[in-house]
$ cat start-v5.cif   # mmCIF, C-alpha atoms
data_start
#
loop_
_atom_site.group_PDB
_atom_site.id
_atom_site.type_symbol
_atom_site.label_atom_id
_atom_site.label_comp_id
_atom_site.auth_asym_id
_atom_site.auth_seq_id
_atom_site.Cartn_x
_atom_site.Cartn_y
_atom_site.Cartn_z
ATOM 1 C CA MET P 1 -23.034 11.767 34.235
ATOM 2 C CA ALA P 2 -22.911 8.084 35.144
ATOM 3 C CA ASP P 3 -26.425 7.637 33.740
ATOM 4 C CA GLU P 4 -25.302 8.997 30.365
ATOM 5 C CA LEU P 5 -22.329 6.638 30.248
ATOM 6 C CA ASP P 6 -24.585 3.732 31.160
ATOM 7 C CA LEU P 7 -26.915 4.739 28.322
ATOM 8 C CA LEU P 8 -23.986 4.661 25.923
ATOM 9 C CA ARG P 9 -22.824 1.260 27.076
ATOM 10 C CA ARG P 10 -26.313 -0.266 26.735
ATOM 11 C CA ALA P 11 -27.200 1.377 23.413
ATOM 12 C CA ASN P 12 -28.795 -1.163 21.075
ATOM 13 C CA PRO P 13 -30.725 0.260 18.107
ATOM 14 C CA VAL P 14 -33.684 -1.846 16.960
ATOM 15 C CA PRO P 15 -34.260 -1.721 13.168
ATOM 16 C CA SER P 16 -37.185 -2.798 11.060
ATOM 17 C CA ASP P 17 -37.032 -6.281 9.570
ATOM 18 C CA ASP P 18 -35.202 -5.153 6.419
ATOM 19 C CA GLY P 19 -32.715 -3.006 8.350
ATOM 20 C CA ARG P 20 -33.984 0.327 6.987
ATOM 21 C CA PHE P 21 -36.851 2.752 7.328
ATOM 22 C CA HIS P 22 -39.239 4.341 4.867
ATOM 23 C CA ASP P 23 -41.024 7.676 4.995
ATOM 24 C CA ARG P 24 -41.702 10.635 2.711
ATOM 25 C CA PRO P 25 -38.417 10.990 0.794
ATOM 26 C CA LEU P 26 -36.248 14.044 0.452
ATOM 27 C CA ASP P 27 -34.429 14.459 -2.835
ATOM 28 C CA GLN P 28 -30.894 13.037 -3.000
ATOM 29 C CA HIS P 29 -29.181 16.418 -2.796
ATOM 30 C CA ALA P 30 -31.089 17.340 0.372
ATOM 31 C CA GLU P 31 -30.331 13.962 1.937
ATOM 32 C CA ARG P 32 -26.623 14.241 1.170
ATOM 33 C CA ARG P 33 -26.530 17.752 2.621
ATOM 34 C CA LEU P 34 -28.372 16.614 5.747
ATOM 35 C CA ASN P 35 -26.065 13.664 6.263
ATOM 36 C CA ARG P 36 -22.946 15.814 5.982
ATOM 37 C CA LEU P 37 -24.367 18.244 8.529
ATOM 38 C CA LEU P 38 -25.199 15.408 10.919
ATOM 39 C CA HIS P 39 -21.674 14.043 10.764
ATOM 40 C CA SER P 40 -19.666 17.209 10.295
ATOM 41 C CA GLY P 41 -17.836 16.457 13.550
ATOM 42 C CA HIS P 42 -16.254 13.392 11.946
ATOM 43 C CA PRO P 43 -14.712 14.377 8.600
ATOM 44 C CA ARG P 44 -12.886 11.832 6.485
ATOM 45 C CA ARG P 45 -9.708 10.695 8.221
ATOM 46 C CA LEU P 46 -7.247 12.068 5.689
ATOM 47 C CA ARG P 47 -9.133 15.338 5.485
ATOM 48 C CA ARG P 48 -8.306 15.887 9.156
ATOM 49 C CA TRP P 49 -4.671 15.963 8.081
ATOM 50 C CA ALA P 50 -5.474 18.586 5.429
ATOM 51 C CA LEU P 51 -7.272 21.003 7.785
ATOM 52 C CA SER P 52 -6.169 24.617 7.553
ATOM 53 C CA VAL P 53 -3.169 25.141 9.801
ATOM 54 C CA GLY P 54 -4.609 28.427 11.002
ATOM 55 C CA SER P 55 -7.826 26.761 12.148
ATOM 56 C CA ALA P 56 -5.955 23.922 13.840
ATOM 57 C CA ALA P 57 -3.663 26.403 15.528
ATOM 58 C CA ALA P 58 -6.556 28.421 16.909
ATOM 59 C CA VAL P 59 -8.111 25.311 18.425
ATOM 60 C CA GLY P 60 -4.839 23.947 19.720
ATOM 61 C CA VAL P 61 -3.716 27.175 21.393
ATOM 62 C CA VAL P 62 -6.946 27.475 23.360
ATOM 63 C CA VAL P 63 -6.842 23.819 24.368
ATOM 64 C CA LEU P 64 -3.253 24.047 25.517
ATOM 65 C CA THR P 65 -3.993 27.250 27.422
ATOM 66 C CA LEU P 66 -6.655 25.352 29.314
ATOM 67 C CA VAL P 67 -4.277 22.520 30.031
ATOM 68 C CA LEU P 68 -1.444 24.768 31.157
ATOM 69 C CA SER P 69 -3.716 26.913 33.311
ATOM 70 C CA GLY P 70 -4.186 23.910 35.542
ATOM 71 C CA SER P 71 -7.058 21.826 36.872
ATOM 72 C CA ALA P 72 -7.810 20.155 40.153
ATOM 73 C CA THR P 73 -7.615 16.809 38.372
ATOM 74 C CA THR P 74 -5.253 16.220 35.481
ATOM 75 C CA PRO P 75 -7.294 15.730 32.290
ATOM 76 C CA ALA P 76 -6.715 12.838 29.923
ATOM 77 C CA VAL P 77 -4.834 14.725 27.200
ATOM 78 C CA ALA P 78 -1.792 12.612 26.234
ATOM 79 C CA GLU P 79 -2.058 11.245 22.729
ATOM 80 C CA PRO P 80 -2.383 7.448 22.564
ATOM 81 C CA ARG P 81 0.603 5.432 21.414
ATOM 82 C CA PRO P 82 0.261 3.436 18.183
ATOM 83 C CA LEU P 83 -1.124 -0.040 18.716
ATOM 84 C CA LEU P 84 1.589 -2.695 18.960
ATOM 85 C CA LEU P 85 1.422 -6.001 17.140
ATOM 86 C CA GLU P 86 1.728 -9.094 19.305
ATOM 87 C CA SER P 87 5.251 -10.426 19.057
ATOM 88 C CA GLY P 88 5.434 -13.727 17.186
ATOM 89 C CA SER P 89 1.791 -13.643 16.084
ATOM 90 C CA THR P 90 0.916 -15.117 12.702
ATOM 91 C CA PRO P 91 -0.727 -12.723 10.223
ATOM 92 C CA VAL P 92 -4.007 -13.998 8.789
ATOM 93 C CA PRO P 93 -4.350 -13.293 5.032
ATOM 94 C CA LEU P 94 -7.456 -11.377 4.060
ATOM 95 C CA ASP P 95 -8.558 -14.243 1.793
ATOM 96 C CA ARG P 96 -8.681 -16.525 4.815
ATOM 97 C CA MET P 97 -10.416 -13.841 6.872
ATOM 98 C CA ALA P 98 -13.003 -13.533 4.107
ATOM 99 C CA GLU P 99 -13.697 -17.267 4.424
ATOM 100 C CA ARG P 100 -14.216 -16.886 8.173
ATOM 101 C CA ALA P 101 -16.539 -13.942 7.651
ATOM 102 C CA ALA P 102 -18.560 -15.873 5.051
ATOM 103 C CA ALA P 103 -19.019 -18.760 7.496
ATOM 104 C CA ASP P 104 -20.332 -16.520 10.295
ATOM 105 C CA ARG P 105 -24.073 -16.082 10.761
ATOM 106 C CA SER P 106 -24.149 -14.438 14.187
ATOM 107 C CA LEU P 107 -24.525 -10.737 13.371
ATOM 108 C CA ARG P 108 -27.510 -8.752 12.144
ATOM 109 C CA LEU P 109 -27.464 -5.549 10.103
ATOM 110 C CA ARG P 110 -28.896 -2.503 11.817
ATOM 111 C CA GLN P 111 -28.999 1.174 11.047
ATOM 112 C CA GLY P 112 -27.135 3.365 13.512
ATOM 113 C CA THR P 113 -23.725 3.221 15.147
ATOM 114 C CA HIS P 114 -21.843 3.223 18.440
ATOM 115 C CA VAL P 115 -18.293 4.515 18.052
ATOM 116 C CA GLN P 116 -15.461 5.795 20.229
ATOM 117 C CA THR P 117 -13.091 8.232 18.517
ATOM 118 C CA TRP P 118 -9.806 9.971 19.299
ATOM 119 C CA SER P 119 -8.444 12.816 17.155
ATOM 120 C CA LEU P 120 -5.623 15.326 17.450
ATOM 121 C CA GLY P 121 -5.886 19.044 18.178
ATOM 122 C CA MET P 122 -2.739 20.696 16.802
ATOM 123 C CA THR P 123 -0.869 24.014 16.950
ATOM 124 C CA SER P 124 1.532 25.539 14.460
ATOM 125 C CA GLY P 125 4.176 28.221 14.125
ATOM 126 C CA PRO P 126 6.707 29.522 16.668
ATOM 127 C CA GLY P 127 6.200 28.107 20.142
ATOM 128 C CA ALA P 128 3.903 25.334 18.936
ATOM 129 C CA ARG P 129 2.961 22.865 21.683
ATOM 130 C CA PRO P 130 2.584 19.097 21.365
ATOM 131 C CA PRO P 131 -0.831 17.990 20.065
ATOM 132 C CA VAL P 132 -3.560 16.957 22.481
ATOM 133 C CA THR P 133 -6.119 14.195 22.039
ATOM 134 C CA LEU P 134 -9.845 14.930 21.841
ATOM 135 C CA PRO P 135 -11.879 11.795 22.737
ATOM 136 C CA GLU P 136 -15.592 11.342 22.087
ATOM 137 C CA GLU P 137 -18.165 8.577 22.145
ATOM 138 C CA ARG P 138 -21.163 8.709 19.828
ATOM 139 C CA VAL P 139 -24.373 6.675 19.653
ATOM 140 C CA ILE P 140 -26.874 7.024 16.804
ATOM 141 C CA ARG P 141 -30.184 5.189 17.242
ATOM 142 C CA TRP P 142 -32.861 4.833 14.591
ATOM 143 C CA ARG P 143 -36.527 4.482 15.501
ATOM 144 C CA ALA P 144 -39.269 2.519 13.788
ATOM 145 C CA ASP P 145 -40.811 5.727 12.367
ATOM 146 C CA GLY P 146 -37.575 6.624 10.547
ATOM 147 C CA SER P 147 -36.473 9.334 12.973
ATOM 148 C CA HIS P 148 -33.200 9.026 14.833
ATOM 149 C CA THR P 149 -31.333 10.345 17.851
ATOM 150 C CA GLU P 150 -27.671 11.202 18.286
ATOM 151 C CA LEU P 151 -25.911 11.330 21.650
ATOM 152 C CA VAL P 152 -22.294 12.529 21.901
ATOM 153 C CA VAL P 153 -20.353 12.261 25.150
ATOM 154 C CA ALA P 154 -16.821 13.322 26.110
ATOM 155 C CA THR P 155 -15.189 10.246 27.602
ATOM 156 C CA ASP P 156 -11.972 8.261 27.256
ATOM 157 C CA PRO P 157 -12.097 4.597 28.295
ATOM 158 C CA ARG P 158 -8.297 4.617 28.664
ATOM 159 C CA HIS P 159 -8.685 6.999 31.616
ATOM 160 C CA PRO P 160 -12.042 6.263 33.326
ATOM 161 C CA GLY P 161 -13.246 9.020 35.606
ATOM 162 C CA ARG P 162 -10.631 11.585 34.565
ATOM 163 C CA PRO P 163 -11.570 14.929 32.953
ATOM 164 C CA VAL P 164 -11.132 15.185 29.200
ATOM 165 C CA ILE P 165 -10.670 17.997 26.692
ATOM 166 C CA THR P 166 -13.404 18.608 24.170
ATOM 167 C CA GLY P 167 -13.149 20.512 20.911
ATOM 168 C CA ALA P 168 -16.899 20.291 20.250
ATOM 169 C CA ASP P 169 -17.606 23.827 21.458
ATOM 170 C CA PRO P 170 -16.483 27.071 19.794
ATOM 171 C CA VAL P 171 -13.912 27.391 22.586
ATOM 172 C CA PRO P 172 -12.343 24.031 23.578
ATOM 173 C CA ARG P 173 -12.488 23.303 27.273
ATOM 174 C CA ILE P 174 -11.946 20.714 29.962
ATOM 175 C CA VAL P 175 -15.070 18.775 30.944
ATOM 176 C CA GLU P 176 -15.793 15.933 33.330
ATOM 177 C CA ASP P 177 -15.792 12.348 32.132
ATOM 178 C CA GLY P 178 -19.216 11.561 30.675
ATOM 179 C CA HIS P 179 -20.114 15.179 29.897
ATOM 180 C CA VAL P 180 -22.888 15.290 27.279
ATOM 181 C CA LEU P 181 -21.631 17.330 24.326
ATOM 182 C CA SER P 182 -24.840 17.099 22.336
ATOM 183 C CA ARG P 183 -28.174 15.301 22.300
ATOM 184 C CA ARG P 184 -30.282 15.676 19.168
ATOM 185 C CA THR P 185 -33.385 14.141 17.648
ATOM 186 C CA TYR P 186 -33.857 14.241 13.874
ATOM 187 C CA PRO P 187 -37.192 13.887 12.060
ATOM 188 C CA PRO P 188 -38.001 10.956 9.772
ATOM 189 C CA SER P 189 -36.141 10.877 6.495
ATOM 190 C CA TRP P 190 -35.351 8.404 3.747
ATOM 191 C CA SER P 191 -32.701 8.139 1.073
ATOM 192 C CA ASP P 192 -31.704 5.708 -1.637
ATOM 193 C CA ALA P 193 -28.158 7.112 -1.716
ATOM 194 C CA PRO P 194 -25.200 6.050 0.439
ATOM 195 C CA PRO P 195 -24.528 6.196 3.327
ATOM 196 C CA LEU P 196 -28.203 6.249 4.362
ATOM 197 C CA ALA P 197 -29.201 3.604 1.819
ATOM 198 C CA THR P 198 -29.015 0.024 3.079
ATOM 199 C CA PRO P 199 -25.527 -1.368 2.330
ATOM 200 C CA PRO P 200 -25.566 -4.358 -0.046
ATOM 201 C CA HIS P 201 -24.161 -7.752 0.886
ATOM 202 C CA ASP P 202 -22.433 -8.695 -2.360
ATOM 203 C CA THR P 203 -18.965 -7.442 -3.243
ATOM 204 C CA THR P 204 -19.702 -5.844 -6.618
ATOM 205 C CA ARG P 205 -22.612 -3.768 -5.370
ATOM 206 C CA LEU P 206 -20.793 -2.882 -2.163
ATOM 207 C CA ARG P 207 -17.849 -1.568 -4.193
ATOM 208 C CA ALA P 208 -20.245 0.648 -6.154
ATOM 209 C CA TYR P 209 -21.867 1.765 -2.883
ATOM 210 C CA LEU P 210 -18.524 2.819 -1.385
ATOM 211 C CA ASP P 211 -17.433 4.400 -4.650
ATOM 212 C CA GLU P 212 -20.539 6.593 -4.555
ATOM 213 C CA LEU P 213 -19.431 7.957 -1.182
ATOM 214 C CA ASP P 214 -16.368 9.531 -2.798
ATOM 215 C CA ARG P 215 -16.397 10.697 -6.415
ATOM 216 C CA THR P 216 -12.832 12.076 -6.351
ATOM 217 C CA GLY P 217 -11.481 9.255 -8.503
ATOM 218 C CA PRO P 218 -11.047 5.474 -8.698
ATOM 219 C CA LEU P 219 -11.751 3.503 -5.520
ATOM 220 C CA GLY P 220 -8.155 2.865 -4.445
ATOM 221 C CA THR P 221 -7.138 1.675 -0.991
ATOM 222 C CA PRO P 222 -7.218 5.133 0.686
ATOM 223 C CA GLU P 223 -10.694 5.826 -0.687
ATOM 224 C CA LEU P 224 -11.809 2.323 0.265
ATOM 225 C CA LEU P 225 -10.701 2.806 3.879
ATOM 226 C CA ASP P 226 -12.361 6.237 4.023
ATOM 227 C CA GLY P 227 -15.541 4.688 2.645
ATOM 228 C CA VAL P 228 -15.453 1.887 5.222
ATOM 229 C CA ALA P 229 -15.154 4.466 8.017
ATOM 230 C CA GLU P 230 -18.085 6.494 6.693
ATOM 231 C CA LEU P 231 -20.184 3.362 6.250
ATOM 232 C CA LEU P 232 -19.523 2.281 9.842
ATOM 233 C CA ASP P 233 -20.322 5.760 11.133
ATOM 234 C CA ASN P 234 -23.856 5.118 9.842
ATOM 235 C CA TRP P 235 -24.444 1.348 9.989
ATOM 236 C CA THR P 236 -23.636 -1.605 12.233
ATOM 237 C CA LEU P 237 -23.001 -4.370 9.718
ATOM 238 C CA GLY P 238 -24.410 -7.870 9.815
ATOM 239 C CA SER P 239 -22.596 -11.095 8.938
ATOM 240 C CA ARG P 240 -23.446 -10.965 5.214
ATOM 241 C CA GLU P 241 -22.300 -7.357 4.867
ATOM 242 C CA ASN P 242 -19.093 -8.121 6.790
ATOM 243 C CA ALA P 243 -18.351 -11.011 4.431
ATOM 244 C CA ALA P 244 -18.795 -8.795 1.361
ATOM 245 C CA LEU P 245 -16.649 -6.064 2.896
ATOM 246 C CA VAL P 246 -13.765 -8.374 3.821
ATOM 247 C CA ARG P 247 -13.803 -9.896 0.335
ATOM 248 C CA LEU P 248 -13.604 -6.354 -1.067
ATOM 249 C CA LEU P 249 -10.694 -5.569 1.278
ATOM 250 C CA ALA P 250 -8.943 -8.765 0.158
ATOM 251 C CA ASP P 251 -8.963 -7.392 -3.382
ATOM 252 C CA ALA P 252 -6.947 -4.357 -2.214
ATOM 253 C CA LYS P 253 -3.508 -5.838 -2.880
ATOM 254 C CA ASP P 254 -1.592 -3.170 -0.944
ATOM 255 C CA LEU P 255 -3.465 -3.787 2.325
ATOM 256 C CA ARG P 256 -1.083 -6.246 3.975
ATOM 257 C CA PRO P 257 -1.731 -8.582 6.940
ATOM 258 C CA ALA P 258 0.406 -7.574 9.924
ATOM 259 C CA GLY P 259 -0.496 -9.897 12.805
ATOM 260 C CA ALA P 260 -2.537 -10.013 15.995
ATOM 261 C CA VAL P 261 -3.284 -6.879 18.010
ATOM 262 C CA THR P 262 -5.410 -5.839 20.975
ATOM 263 C CA ASP P 263 -7.510 -2.789 20.158
ATOM 264 C CA ARG P 264 -8.082 0.255 22.389
ATOM 265 C CA LEU P 265 -11.170 -1.318 23.926
ATOM 266 C CA GLY P 266 -9.277 -4.490 24.859
ATOM 267 C CA ARG P 267 -10.664 -6.659 22.062
ATOM 268 C CA PRO P 268 -8.496 -9.183 20.174
ATOM 269 C CA GLY P 269 -8.089 -8.414 16.493
ATOM 270 C CA GLN P 270 -6.129 -9.005 13.324
ATOM 271 C CA ALA P 271 -4.364 -5.960 11.867
ATOM 272 C CA TYR P 272 -4.053 -4.997 8.194
ATOM 273 C CA VAL P 273 -1.777 -2.107 7.239
ATOM 274 C CA TYR P 274 -1.676 0.318 4.326
ATOM 275 C CA ASP P 275 1.246 2.741 3.971
ATOM 276 C CA ASP P 276 -0.088 5.955 2.443
ATOM 277 C CA THR P 277 3.129 7.585 1.226
ATOM 278 C CA THR P 278 1.205 10.463 -0.384
ATOM 279 C CA HIS P 279 -0.050 11.694 2.987
ATOM 280 C CA ASP P 280 2.757 10.251 5.177
ATOM 281 C CA VAL P 281 0.270 8.163 7.123
ATOM 282 C CA ARG P 282 0.161 4.494 8.107
ATOM 283 C CA ARG P 283 -3.393 3.191 8.234
ATOM 284 C CA MET P 284 -4.159 0.119 10.335
ATOM 285 C CA LEU P 285 -7.506 -1.620 9.940
ATOM 286 C CA ILE P 286 -8.430 -4.052 12.729
ATOM 287 C CA LEU P 287 -10.815 -6.957 12.126
ATOM 288 C CA ASP P 288 -12.481 -9.336 14.544
ATOM 289 C CA PRO P 289 -10.623 -12.640 14.005
ATOM 290 C CA ALA P 290 -13.808 -14.713 14.292
ATOM 291 C CA THR P 291 -16.420 -12.704 12.350
ATOM 292 C CA GLY P 292 -14.392 -10.352 10.149
ATOM 293 C CA ALA P 293 -16.225 -7.334 11.576
ATOM 294 C CA VAL P 294 -14.248 -4.083 11.533
ATOM 295 C CA LEU P 295 -13.251 -3.178 15.089
ATOM 296 C CA GLY P 296 -11.106 -0.124 14.479
ATOM 297 C CA LEU P 297 -9.125 2.103 12.154
ATOM 298 C CA GLU P 298 -5.925 3.866 13.238
ATOM 299 C CA ASP P 299 -4.087 6.579 11.277
ATOM 300 C CA THR P 300 -0.487 7.128 12.405
ATOM 301 C CA VAL P 301 1.893 9.829 11.188
ATOM 302 C CA THR P 302 4.976 8.396 9.462
ATOM 303 C CA LYS P 303 6.767 11.694 8.843
ATOM 304 C CA GLY P 304 6.906 14.429 11.470
ATOM 305 C CA ASP P 305 5.904 18.027 10.828
ATOM 306 C CA ALA P 306 7.455 20.590 13.172
ATOM 307 C CA GLU P 307 5.051 23.309 12.061
ATOM 308 C CA VAL P 308 2.028 21.542 13.532
ATOM 309 C CA GLY P 309 3.978 19.768 16.267
ATOM 310 C CA VAL P 310 3.558 16.142 15.192
ATOM 311 C CA ARG P 311 6.238 13.486 15.192
ATOM 312 C CA ALA P 312 6.570 10.233 13.329
ATOM 313 C CA GLY P 313 4.579 7.686 15.326
ATOM 314 C CA ASP P 314 1.890 10.086 16.589
ATOM 315 C CA VAL P 315 -1.650 8.735 16.284
ATOM 316 C CA MET P 316 -3.594 11.224 14.170
ATOM 317 C CA SER P 317 -6.992 9.575 14.633
ATOM 318 C CA TYR P 318 -8.548 6.370 15.850
ATOM 319 C CA SER P 319 -12.077 4.967 15.670
ATOM 320 C CA ALA P 320 -13.356 1.934 17.572
ATOM 321 C CA TRP P 321 -16.772 0.674 16.461
ATOM 322 C CA MET P 322 -18.973 -1.307 18.840
ATOM 323 C CA ARG P 323 -22.205 -3.246 18.580
#

$ encode --input "start-v5.cif" --output "structure tokens"
Amino acid sequence: MADELDLLRRANPVPSDDGRFHDRPLDQHAERRLNRLLHSGHPRRLRRWALSVGSAAAVGVVVLTLVLSGSATTPAVAEPRPLLLESGSTPVPLDRMAERAAADRSLRLRQGTHVQTWSLGMTSGPGARPPVTLPEERVIRWRADGSHTELVVATDPRHPGRPVITGADPVPRIVEDGHVLSRRTYPPSWSDAPPLATPPHDTTRLRAYLDELDRTGPLGTPELLDGVAELLDNWTLGSRENAALVRLLADAKDLRPAGAVTDRLGRPGQAYVYDDTTHDVRRMLILDPATGAVLGLEDTVTKGDAEVGVRAGDVMSYSAWMR
């Protein structure tokens, strides 16, 4: 499996000059349906919290049975702790971060993504066990003819070489580090609707783009953060798109600067926090301090729920996007 991990680490999609591809179009409804099927393994972050308890319980019980039944090597199952802010660090306001992002010219937009994710598998009811973490790494590459490939691997960089639990199969199981969960190739397609449409690099149009991803209501901070995550699960942004995105984030008045932090891949970042009291979740967005690029998004439970076995401070999900 070392070859697969090496492929992930070296993944570098090469786009056309305008960052997108053209072929015979599907209608918008077909494209939206296709995109949701392609990314059904990564639902919106807050929707994870709203999963049916019965479904979560079924997954969690099987996973925990596997863990408790034993393995020659202990799998990497402990949930990650919330990221800690660096003591004494000075928070950088989003307005200032937007200025830094606007001054950067080092990054190029490309279609496709490389992302490491962690999410919780939970149980409920009498005898519920603590949640376990399901880590995955995903690379989506687009080709010049408009087709694309998707490679998903079970791996956890916090525990290199140790087995991990995967929930990708109908029955969750323990697999070796670097196990290929899926490898797919998709035929050429084209869409003028988000998230497959090329993201704009001015704030007004980008707001409309993200708003189109979620028609449930006004684009408030929770919807904005969900839209950012979905955008980054499809595109690796360039400097101009980063600048527009950070300016849009700066307009979200309840996204507060919190200070310096080191993300789960060891990268320095600046953290911005939103307290979602409706869903009892704290959402931490992490930006590259030099370019303004989004490095990660962490959702942490702020109010425990004994039924599903989560406590205040548990990390519900985390995504770390890479170039």

$ resolve_selection --input "start-v5.cif" --expression "the PyMOL selection byres ((chain P and resi 296) around 7)" --output "JSON, numbers by chain"
{"P": [285, 286, 294, 295, 297, 298, 319, 320, 321]}

$ atom_distance --input "start-v5.cif" --atom1 "CA of Pro257 (chain P)" --atom2 "CA of Gly217 (chain P)"
25.5 Å

$ resolve_selection --input "start-v5.cif" --expression "the PyMOL selection byres ((chain P and resi 275-280) around 12)" --output "ChimeraX atom specification"
/P:45-50,220-223,225,253-256,258,272-274,281-285,298-305,310-314,316

$ resolve_selection --input "start-v5.cif" --expression "the PyMOL selection byres ((chain P and resi 199-209) around 9)" --output "JSON, numbers by chain"
{"P": [193, 194, 195, 196, 197, 198, 210, 211, 212, 213, 219, 224, 227, 231, 235, 237, 238, 239, 240, 241, 242, 243, 244, 245, 246, 247, 248]}

$ atom_distance --input "start-v5.cif" --atom1 "CA of Ser106 (chain P)" --atom2 "CA of Asp145 (chain P)"
26.2 Å

$ atom_distance --input "start-v5.cif" --atom1 "CA of Pro163 (chain P)" --atom2 "CA of Thr133 (chain P)"
12.2 Å

$ closest_residue --input "start-v5.cif" --among "P:Val308, P:Leu85, P:Leu94, P:Ala293" --to "Arg108 (chain P)" --atoms "only C-alpha atoms"
P:Ala293

$ closest_residue --input "start-v5.cif" --among "P:Gly178, P:Gly88, P:Pro289, P:Pro188" --to "Ala154 (chain P)" --atoms "all atoms listed in the file"
P:Gly178

$ closest_residue --input "start-v5.cif" --among "P:Arg215, P:Arg184, P:Arg105, P:Arg323" --to "His148 (chain P)" --atoms "only C-alpha atoms"
P:Arg184

$ closest_residue --input "start-v5.cif" --among "P:Pro187, P:Pro80, P:Gly269, P:Gly309" --to "Thr117 (chain P)" --atoms "only C-alpha atoms"
P:Pro80

$ closest_residue --input "start-v5.cif" --among "P:Ala102, P:Ala168, P:Leu232, P:Val152" --to "Thr291 (chain P)" --atoms "all atoms listed in the file"
P:Ala102

$ closest_residue --input "start-v5.cif" --among "P:Glu176, P:Asp288, P:Glu86, P:Glu136" --to "Gln116 (chain P)" --atoms "all atoms listed in the file"
P:Glu136

$ axis_aligned_box --input "start-v5.cif" --around "region 177-192 of chain P" --padding-each-side "6 Å" --output "JSON"
{"center_x": -26.9, "center_y": 11.5, "center_z": 15.2, "size_x": 34.2, "size_y": 23.6, "size_z": 45.8}
